[in-house]
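> For reference, the structure I am asking about is given below.
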Amino acid sequence: MSASKADAVVATPTQPPRNDAPAGGSSSHKRPRRRGGPLRLVSPYLMVAPAILGIAFLLFYPVVKNAILAFKNYGRRDFTLGLSGEWIGLDNFKEIFQDSEFWEVLRRSFWFTAINVVSIMVISTLIALMIMKLGKSMRILVLISLVAAWAMPVIAATTVFKWLFRSDNGVVNWLLVQLGFESYDGYTWFAHGGSTMFVIILLIVWQSIPFATLTIYAGLTTVPDEVYESARLDGAGPVRIFRSITFPMLRPIFLLVTSLEVIWIFKCFAQIWAIAGQNGPLNEVSTLPVYAYQIGMQLKRFGMAGAVSTITVVILAAMMVVYFRQLFKQEREAEKA
Amino acid sequence: MKAKTLKRIPLNIAALVTFVVMIFPVYWMVLTAIKPAKDIGAETPKFIPSSVTFQNFKTATDVDGFWDFWRNSLMVAVGGVGLALIIACFSAFAVARMQWKGRAPFILMVFIAQMAPWEALMIPMFLIARDQDLLNSLPMLTAIYFVMTLPFAIVTLRGFLAGIPVELEEAARVDGCTRFGAFRKVVFPLLAPGLLSTSLFGFITAWNEFAFANVLLFSDPKQDTLPVWLNEFSNGLTVDWGATMAAATVFMLPVLLIFMVLQGKVTGGLTSGAVKG
């Protein structure tokens, strides 16, 4: 028994443990091997089949349908009559690329993502570094607030922010007036594109901080104290320590969190729609996924919406390539270690 | 010693500011929910209520269909995640314990599916639902939540399975267990914590989901899930903020409970899902 155990460990040090009847050694394992036969060959495929079918029908099929839609003229009439729409080649894309609104939305999507991600990463890193230095009770206090914010559902948060930034009796306007900004008395945040965008960004940053902070904090706790101590003995200041020790050591975590946030925020829909969708300046704050929704569900130009969605998917796919390269690089390094 | 205490003051102030900023929206939601109406409409906001009332909760739960929305949310979340969990168990076992051609591509597919650009697929999904006559239907939403939570479930369960020594199973099989018997009697009990945290995370995803519920349940208010209804409720011309905040509190409650159950596992679980795979 101990021989076969050692065998298994030596034979596959990095692979997940094998299922097959253990190689060689004990003769008592002949039974399962013989009984397996063709059934065993098939069974892993049978076991993953439901997952593959589910993903194929509800994820890959919509992606394909999206792409097909992009090359069709599929409008209100086709929708009501249940037609399949006629092929129009690249016309949808031509129209989109000539539309200045599309370019505006595209530009907005990118800077919206950039502002959010940079704010999230900078603030989260600072909070994580701060937590490291706090005493026990303060640390617990901050962690509780992070988890409380994290546990709030997106739509509960959008609802609360609408209430916080209410023009007549919202607490934010009251606070600003108290601080001396008289012009915010009764200020209607959701009447202008700029201020609505500000609230949306604030909301998203607030919501994203817990995950980013706790992940970075978890990473920070893995850096041994001795490293910092010797750096301090060598006379390094806090900025220098972060630049030369903390950041390089946690680089993989920073890169992963950053790329995850980029993807999540670029495809964000619920926050923008819930804040500005019904009574807000949606046209001035919409990013690509919201824009596609507007064209499709409100204008009923599904072909055009499909084209915008397809462009979104392509951009996201490019972002995912960066993320996966980072992920697999890290996994390889973890295996080496 | 004194210099050190002085140095800590800015740090502790920063910590307090962080605490206040992060907790305030949550605090304000709960506070508004238990405030009497005259406090909510007051010119100067009251940070500590003059009295506590449950009237707002009553108003919210008395809304026509409130319990329907509650039940709808529960059904799609539990249904979707339950299905995902069962199917993920099989897939995770095949991935973690078996050698077969196509294993690596399958894992890659799961990783890609985990990052799926769902928000960009609302339009085709809407048309697919229409073509299948599944608009305004909960089964369609359940199916979407199933696929949304499935990749995460497979990845996490695979991680948990890899942590259970295969020797345990082998020993059980030497003792005469069938493969399935070994899984059911030996692996499954050890997998229980993994199953629990996976299902709770999946539940939160489905419970909070808004985009698809909003687009697919668009014309039948009786079929709304909680987030869709809550958003509508807060968009009217005259909003009862007390009742809205009470509804938001009730909506958040299950998630908060789950976070408390998972406690320390929260960060570990999510990062190992996202980072390690």
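Quick note on naming: the chains in the structure tokens go A, B, ... in the order shown, residues restart at 1 in each chain, and ligands are numbered from 1 in order of appearance.
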Do you have, as JSON lines, the list of residues of chain B lying at most 7 Å from chain A, each with its nearest atom pair and that distance in Å to one decimal, counting only C-alpha atoms and ordered by chain then number?


```
{"residue": "B:Ala15", "atom": "CA", "partner": "A:Val142", "partner_atom": "CA", "distance": 6.6}
{"residue": "B:Thr18", "atom": "CA", "partner": "A:Val142", "partner_atom": "CA", "distance": 6.8}
{"residue": "B:Phe19", "atom": "CA", "partner": "A:Val142", "partner_atom": "CA", "distance": 5.1}
{"residue": "B:Met22", "atom": "CA", "partner": "A:Ser145", "partner_atom": "CA", "distance": 5.5}
{"residue": "B:Ile23", "atom": "CA", "partner": "A:Ser145", "partner_atom": "CA", "distance": 4.9}
{"residue": "B:Pro25", "atom": "CA", "partner": "A:Val160", "partner_atom": "CA", "distance": 6.6}
{"residue": "B:Val26", "atom": "CA", "partner": "A:Ala149", "partner_atom": "CA", "distance": 6.8}
{"residue": "B:Met29", "atom": "CA", "partner": "A:Val160", "partner_atom": "CA", "distance": 6.2}
{"residue": "B:Gly41", "atom": "CA", "partner": "A:Asn169", "partner_atom": "CA", "distance": 6.6}
{"residue": "B:Glu43", "atom": "CA", "partner": "A:Asn169", "partner_atom": "CA", "distance": 6.5}
{"residue": "B:Pro45", "atom": "CA", "partner": "A:Val171", "partner_atom": "CA", "distance": 6.4}
{"residue": "B:Ile87", "atom": "CA", "partner": "A:Ala51", "partner_atom": "CA", "distance": 6.3}
{"residue": "B:Phe90", "atom": "CA", "partner": "A:Met47", "partner_atom": "CA", "distance": 5.2}
{"residue": "B:Ser91", "atom": "CA", "partner": "A:Val48", "partner_atom": "CA", "distance": 4.6}
{"residue": "B:Ala94", "atom": "CA", "partner": "A:Pro44", "partner_atom": "CA", "distance": 5.2}
{"residue": "B:Ala96", "atom": "CA", "partner": "A:Pro16", "partner_atom": "CA", "distance": 5.7}
{"residue": "B:Arg97", "atom": "CA", "partner": "A:Asn19", "partner_atom": "CA", "distance": 4.8}
{"residue": "B:Met98", "atom": "CA", "partner": "A:Asn19", "partner_atom": "CA", "distance": 4.9}
{"residue": "B:Gln99", "atom": "CA", "partner": "A:Arg18", "partner_atom": "CA", "distance": 6.7}
{"residue": "B:Pro117", "atom": "CA", "partner": "A:Val313", "partner_atom": "CA", "distance": 6.5}
{"residue": "B:Glu119", "atom": "CA", "partner": "A:Lys267", "partner_atom": "CA", "distance": 5.9}
{"residue": "B:Ala120", "atom": "CA", "partner": "A:Ser309", "partner_atom": "CA", "distance": 5.2}
{"residue": "B:Leu121", "atom": "CA", "partner": "A:Pro62", "partner_atom": "CA", "distance": 6.5}
{"residue": "B:Ile123", "atom": "CA", "partner": "A:Gly296", "partner_atom": "CA", "distance": 6.5}
{"residue": "B:Pro124", "atom": "CA", "partner": "A:Asn66", "partner_atom": "CA", "distance": 5.3}
{"residue": "B:Met125", "atom": "CA", "partner": "A:Pro62", "partner_atom": "CA", "distance": 6.0}
{"residue": "B:Ile144", "atom": "CA", "partner": "A:Leu58", "partner_atom": "CA", "distance": 6.7}
{"residue": "B:Val147", "atom": "CA", "partner": "A:Ile55", "partner_atom": "CA", "distance": 6.1}
{"residue": "B:Ala162", "atom": "CA", "partner": "A:Pro16", "partner_atom": "CA", "distance": 6.1}
{"residue": "B:Val166", "atom": "CA", "partner": "A:Pro17", "partner_atom": "CA", "distance": 6.0}
{"residue": "B:Asn208", "atom": "CA", "partner": "A:Pro153", "partner_atom": "CA", "distance": 5.5}
{"residue": "B:Phe210", "atom": "CA", "partner": "A:Ala270", "partner_atom": "CA", "distance": 6.2}
{"residue": "B:Ala211", "atom": "CA", "partner": "A:Ala270", "partner_atom": "CA", "distance": 5.8}
{"residue": "B:Pro227", "atom": "CA", "partner": "A:Ile155", "partner_atom": "CA", "distance": 5.8}
{"residue": "B:Asn231", "atom": "CA", "partner": "A:Ala274", "partner_atom": "CA", "distance": 6.5}
{"residue": "B:Ser234", "atom": "CA", "partner": "A:Thr159", "partner_atom": "CA", "distance": 6.3}
{"residue": "B:Asn235", "atom": "CA", "partner": "A:Gln278", "partner_atom": "CA", "distance": 7.0}
{"residue": "B:Ala248", "atom": "CA", "partner": "A:Ala156", "partner_atom": "CA", "distance": 5.1}
{"residue": "B:Met252", "atom": "CA", "partner": "A:Met152", "partner_atom": "CA", "distance": 5.8}
{"residue": "B:Val255", "atom": "CA", "partner": "A:Ala151", "partner_atom": "CA", "distance": 5.9}
{"residue": "B:Leu256", "atom": "CA", "partner": "A:Ala151", "partner_atom": "CA", "distance": 5.5}
{"residue": "B:Phe259", "atom": "CA", "partner": "A:Ala151", "partner_atom": "CA", "distance": 6.8}
{"residue": "B:Thr267", "atom": "CA", "partner": "A:Leu214", "partner_atom": "CA", "distance": 6.5}
{"residue": "B:Thr271", "atom": "CA", "partner": "A:Thr215", "partner_atom": "CA", "distance": 6.7}
{"residue": "B:Val275", "atom": "CA", "partner": "A:Leu327", "partner_atom": "CA", "distance": 6.8}
{"residue": "B:Lys276", "atom": "CA", "partner": "A:Glu331", "partner_atom": "CA", "distance": 6.7}
```

> Hey, can you spit out that residue selection with N, CA and C atoms as a short mmCIF file (atom, residue, chain, number, x, y, z; two decimals), in the first residue's frame?


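The resulting file, again32.cif, is reproduced below:
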```
data_model
loop_
_atom_site.label_atom_id
_atom_site.label_comp_id
_atom_site.auth_asym_id
_atom_site.auth_seq_id
_atom_site.Cartn_x
_atom_site.Cartn_y
_atom_site.Cartn_z
N ALA B 15 -8.40 55.51 9.16
CA ALA B 15 -9.19 54.28 9.31
C ALA B 15 -10.65 54.63 9.61
N THR B 18 -12.34 55.84 6.45
CA THR B 18 -12.66 54.68 5.61
C THR B 18 -13.90 53.97 6.13
N PHE B 19 -13.91 53.75 7.44
CA PHE B 19 -15.04 53.05 8.04
C PHE B 19 -16.35 53.79 7.76
N MET B 22 -17.35 53.76 3.96
CA MET B 22 -17.79 52.45 3.47
C MET B 22 -19.11 52.03 4.08
N ILE B 23 -19.31 52.36 5.35
CA ILE B 23 -20.51 51.84 6.01
C ILE B 23 -21.70 52.77 5.84
N PRO B 25 -23.57 54.27 3.42
CA PRO B 25 -24.75 53.91 2.62
C PRO B 25 -25.57 52.79 3.27
N VAL B 26 -24.87 51.81 3.84
CA VAL B 26 -25.58 50.71 4.49
C VAL B 26 -26.33 51.23 5.73
N MET B 29 -29.34 53.32 4.76
CA MET B 29 -30.44 52.49 4.28
C MET B 29 -31.24 51.94 5.47
N GLY B 41 -38.57 63.08 6.02
CA GLY B 41 -38.79 64.30 5.25
C GLY B 41 -38.18 65.54 5.88
N GLU B 43 -36.03 68.66 7.15
CA GLU B 43 -35.07 69.54 6.48
C GLU B 43 -33.64 69.16 6.85
N PRO B 45 -31.35 66.34 8.15
CA PRO B 45 -31.40 64.89 8.32
C PRO B 45 -31.11 64.48 9.76
N ILE B 87 -24.57 19.60 -11.74
CA ILE B 87 -23.83 19.37 -12.98
C ILE B 87 -22.35 19.68 -12.79
N PHE B 90 -20.31 16.67 -11.29
CA PHE B 90 -19.85 15.69 -12.26
C PHE B 90 -18.65 16.22 -13.04
N SER B 91 -18.78 17.45 -13.55
CA SER B 91 -17.70 18.00 -14.37
C SER B 91 -16.42 18.13 -13.54
N ALA B 94 -14.78 14.82 -13.11
CA ALA B 94 -14.12 14.38 -14.34
C ALA B 94 -12.81 15.14 -14.55
N ALA B 96 -10.94 16.75 -12.16
CA ALA B 96 -9.94 16.61 -11.10
C ALA B 96 -9.44 15.19 -10.93
N ARG B 97 -10.23 14.23 -11.34
CA ARG B 97 -9.89 12.85 -11.01
C ARG B 97 -9.69 11.93 -12.20
N MET B 98 -9.92 12.42 -13.40
CA MET B 98 -9.83 11.51 -14.53
C MET B 98 -8.92 12.09 -15.60
N GLN B 99 -8.28 11.19 -16.34
CA GLN B 99 -7.48 11.60 -17.48
C GLN B 99 -8.26 11.32 -18.74
N PRO B 117 -19.10 37.73 -21.39
CA PRO B 117 -19.61 39.10 -21.42
C PRO B 117 -21.14 39.13 -21.43
N GLU B 119 -23.41 40.94 -20.17
CA GLU B 119 -24.13 42.19 -20.40
C GLU B 119 -24.22 42.55 -21.88
N ALA B 120 -23.32 41.98 -22.69
CA ALA B 120 -23.36 42.27 -24.12
C ALA B 120 -24.24 41.27 -24.86
N LEU B 121 -24.85 40.35 -24.12
CA LEU B 121 -25.64 39.31 -24.79
C LEU B 121 -27.14 39.45 -24.51
N ILE B 123 -29.40 41.36 -25.95
CA ILE B 123 -30.25 41.45 -27.14
C ILE B 123 -30.46 40.07 -27.78
N PRO B 124 -29.38 39.32 -28.08
CA PRO B 124 -29.63 37.99 -28.64
C PRO B 124 -30.43 37.10 -27.69
N MET B 125 -30.16 37.21 -26.38
CA MET B 125 -30.88 36.37 -25.42
C MET B 125 -32.37 36.72 -25.43
N ILE B 144 -30.56 30.71 -17.43
CA ILE B 144 -29.45 31.66 -17.58
C ILE B 144 -28.61 31.71 -16.30
N VAL B 147 -26.29 28.75 -16.12
CA VAL B 147 -25.05 28.84 -16.91
C VAL B 147 -24.12 29.92 -16.35
N ALA B 162 -9.36 18.70 -5.65
CA ALA B 162 -7.92 18.48 -5.74
C ALA B 162 -7.29 18.44 -4.35
N VAL B 166 -6.55 11.49 -3.14
CA VAL B 166 -7.17 10.43 -3.94
C VAL B 166 -7.01 9.10 -3.23
N ASN B 208 -28.76 38.70 -6.91
CA ASN B 208 -28.50 40.11 -7.22
C ASN B 208 -28.70 40.46 -8.68
N PHE B 210 -29.57 41.59 -12.23
CA PHE B 210 -30.58 42.56 -12.63
C PHE B 210 -30.79 42.61 -14.15
N ALA B 211 -29.70 42.65 -14.92
CA ALA B 211 -29.79 42.94 -16.35
C ALA B 211 -30.75 42.00 -17.08
N PRO B 227 -34.90 42.47 -7.48
CA PRO B 227 -34.16 43.64 -7.94
C PRO B 227 -34.92 44.47 -8.97
N ASN B 231 -36.05 48.33 -8.27
CA ASN B 231 -35.64 49.43 -9.14
C ASN B 231 -36.85 50.23 -9.61
N SER B 234 -38.24 52.44 -6.87
CA SER B 234 -37.48 53.64 -6.51
C SER B 234 -37.46 54.66 -7.65
N ASN B 235 -38.18 54.37 -8.74
CA ASN B 235 -38.13 55.27 -9.90
C ASN B 235 -39.39 56.10 -10.08
N ALA B 248 -35.16 47.54 0.36
CA ALA B 248 -33.75 47.28 0.06
C ALA B 248 -33.09 46.50 1.19
N MET B 252 -31.38 42.86 1.01
CA MET B 252 -29.97 42.62 1.33
C MET B 252 -29.79 41.54 2.39
N VAL B 255 -28.23 38.06 1.70
CA VAL B 255 -26.83 38.15 1.30
C VAL B 255 -25.96 38.39 2.53
N LEU B 256 -26.43 39.27 3.41
CA LEU B 256 -25.67 39.56 4.62
C LEU B 256 -25.53 38.29 5.47
N PHE B 259 -22.90 36.10 3.97
CA PHE B 259 -21.56 36.59 4.26
C PHE B 259 -21.15 36.23 5.69
N THR B 267 -13.08 35.98 1.42
CA THR B 267 -11.98 36.42 0.56
C THR B 267 -11.26 35.23 -0.04
N THR B 271 -11.00 34.67 -4.10
CA THR B 271 -9.73 34.82 -4.79
C THR B 271 -9.25 33.49 -5.33
N VAL B 275 -8.27 33.60 -8.92
CA VAL B 275 -6.85 33.64 -9.18
C VAL B 275 -6.28 32.26 -9.48
N LYS B 276 -6.55 31.34 -8.57
CA LYS B 276 -5.90 30.05 -8.73
C LYS B 276 -6.66 29.19 -9.74
#
```

> Just asking: which residues within region 85-259 of chain B are alpha helix (DSSP H) according to DSSP, as JSON, numbers by chain?

{"B": [85, 86, 87, 88, 89, 90, 91, 92, 93, 94, 95, 96, 97, 103, 104, 105, 106, 107, 108, 109, 110, 111, 112, 113, 114, 122, 123, 124, 125, 126, 127, 128, 129, 130, 131, 138, 139, 140, 141, 142, 143, 144, 145, 146, 147, 148, 149, 150, 151, 152, 153, 154, 155, 156, 157, 158, 159, 160, 161, 162, 166, 167, 168, 169, 170, 171, 172, 173, 174, 179, 180, 181, 182, 188, 189, 190, 191, 192, 193, 194, 195, 196, 197, 198, 199, 200, 201, 202, 203, 204, 205, 206, 207, 208, 211, 212, 213, 214, 215, 216, 226, 227, 228, 229, 230, 231, 232, 233, 241, 242, 243, 244, 245, 246, 247, 248, 249, 250, 251, 252, 253, 254, 255, 256, 257, 258, 259]}

> If we count only C-alpha atoms, what is near Ile245 (chain A) at a cut-off of 12 Å, once residues fewer than 5 positions away on the same chain are taken out, given as a VMD selection string?

chain A and resid 220 223 to 232 236 to 240 250 to 251

> To one decimal place, how far is CA of Gln132 (chain B) from CA of Met148 (chain B) in Å?

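Separating CA of Gln132 (chain B) from CA of Met148 (chain B) is a distance of 19.7 Å.
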
> Any chance you could list, as a PyMOL selection string, the residues in region 53-199 of chain A that come up strand (DSSP E) when DSSP is run on the backbone?

chain A and resi 72-73+86-87

> Could you please take those selected residues and save C-alpha atoms as a PDB file, in the first residue's frame?


```pdb
ATOM      1  CA  LYS A  72     -28.928  41.533 -40.699  1.00  0.00           C
ATOM      2  CA  ASN A  73     -31.536  44.176 -40.998  1.00  0.00           C
ATOM      3  CA  GLU A  86     -32.629  39.994 -44.361  1.00  0.00           C
ATOM      4  CA  TRP A  87     -28.882  39.808 -44.827  1.00  0.00           C
TER       5      TRP A  87
END
```

> Fewer than 3 positions away in the same chain doesn't count, so skip those; otherwise give me all residues within 12 Å of Asp220 (chain B), counting only C-alpha atoms, as an MDAnalysis selection string.

chainID B and resid 65 69 135:138 213:217 223:225 228:229

> Do you know which residues are at most 12 Å from Met197 (chain A) counting only C-alpha atoms, after dropping those on the same chain fewer than 3 positions away, and could you put them as a PyMOL selection string?

chain A and resi 108-109+111-113+115-116+189-194+200-204+271-273+275-276+280-287

> Between CA of Phe102 (chain A) and CA of Leu81 (chain A), what is the distance in Å, rounded to a tenth?

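Between CA of Phe102 (chain A) and CA of Leu81 (chain A) the gap works out to 28.7 Å.
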